[in-house]
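Colleague: Sharing a structure, written as structure tokens. Questions coming.
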Amino acid sequence: MLDVMSLSYPFQTLLLGCVATPSRRYLCKTRWCQVQATPPSSSVILNADESGKFSERLHASNLASGGRGAPFVNQGSAVGIIGGVSVDATLKFLRKLVELSSEDGGNSIPFVMCSDPLLSKELLSYERSYFVSSTSKAENLKLDSSQAVQSLRNKRVFLENSGARCIVMPCNVSHSWYEQVSEGCSVPFLHMAECVAKELKEAKLKPLEAGSPLRIGVLATNATLAAGFYQDKLQNEGFEVVLPDRATMEHTVIPATEALNRKDMEGASNLLRIALHVLLVRAASSVILASDDMRDLLPPDDPLLKKCIDPMDALARSTIKWVKSSGHNT
């Protein structure tokens with residue numbers, strides 16, 4: 001069962017819930033209602049069960065401004081989720097939490113999820129407008145990220161005040177400002193790239209060529225590559241990082257994104273395959289597919305996926321580990 005609360009105030013939607021999967025390993029078909037946007041002082045929360053019936057209304061006060069009222073969730077293992085570029089990607093991450101928590105007979109994971117359409121548009125615009133040069137670390141178009149950073153910080157504080165005891169941000173481009181967003185956070189704030197790097201370290205992979213360093217490829221959008229956080233986290237764990245060169249970005253990765261925007265799924269997936277092959281030919285043992293857009297282009301049975309690492313999976317597994325280590329096992 002998935003108990004869901006929906007709180008809506010101007011430009012933002014909040015979901016609260018407790019994931020329980022006694023016999024199913026996927027999200028239940030639970031109805032939920034988004035209340036018409038109202039001022040924070042008169043916001044309304046509706047709680048829907050699996051039958052679609054709603055409980056009595058609960059009024060929230062000063063939540064939009066991060067006011068410190070009674071928290072929504074009181075469990076010591078509640079997870080706060082900051083939505084990113086797309087709601088679909090955020091919900092897919094939530095689905096991964098459901099599936100992983102049920103593998104060992106787990107019971108529930110309390111969560112608070114915050115999704116803001118305006119922030120999503122800002123992140124998407126930033127990501128699409130970024131340019132990376134092969135001769136310098138990054139050249140952006142003098143884009144102002146201050147508004148996105150402040151919005152992410154506000155949501156982090158909001159989730160803390162809502163009772164979250166751990167924060168996750170299942171969005172690659174949002175991690176470009178992880179340090180600024182997490183500064184002053186009073187609870188653990190998991191870093192997606194760090195989760196990936198630690199899992200790879202624990203896997204004790206062997207290099208393709210004896211005596212050579214273990215090489216890990218990273219395939220992502222310009223903005224994510226320019227931020228450099230995957231490179232930093234992997235290098236901190238002793239890996240050599242393989243990035244697509246300028247020609248690969250210009251002739252495969254960027255056109256793949258453009259094809260995806262045109263809904264040309266076949267063209268986008270073919271270009272993605274070429275980009276992956278280029279990195280693998282350069283002796284990369286595995287490739288981190290760090291793009292919210294590209295992650296679902298390849299079918300589940302595609303052999304190339306065996307060489308790919310999904311950061312969302314690593315973040316979900318690390319979140320489950322945190323929940324278990326917090327002393328409130330699922």
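Convention: chains lettered A, B, ... in structure tokens order; per-chain residue numbering from 1; ligands numbered from 1 as shown.
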Could you name the residues that touch Met249 of chain A at 9 Å or less, counting only C-alpha atoms, but leaving out those on the same chain fewer than 6 positions away, as a list in words?
Modeller: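 My list of contacting residues is Val132, Thr221, Asn222, Pro255 and Ala275 of chain A.
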Colleague: Going by DSSP on the backbone, which bits of segment 97-217 of chain A are strand (DSSP E or B)? Write them as a PyMOL selection string, please.
Modeller: chain A and resi 108-115+131+139+166-168+189+215-217
Colleague: With only C-alpha atoms as the basis for distance, which of A:Leu100, A:Leu234, A:Val218, A:Ala268 is at the shortest distance from Glu194 of chain A?
Modeller: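 So, comparing all the options, the nearest one is A:Leu234.
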Colleague: Can you tell me how far atom CA of Lys206 of chain A sits from atom CA of Glu240 of chain A, in Å to one decimal?
Modeller: 12.6 Å
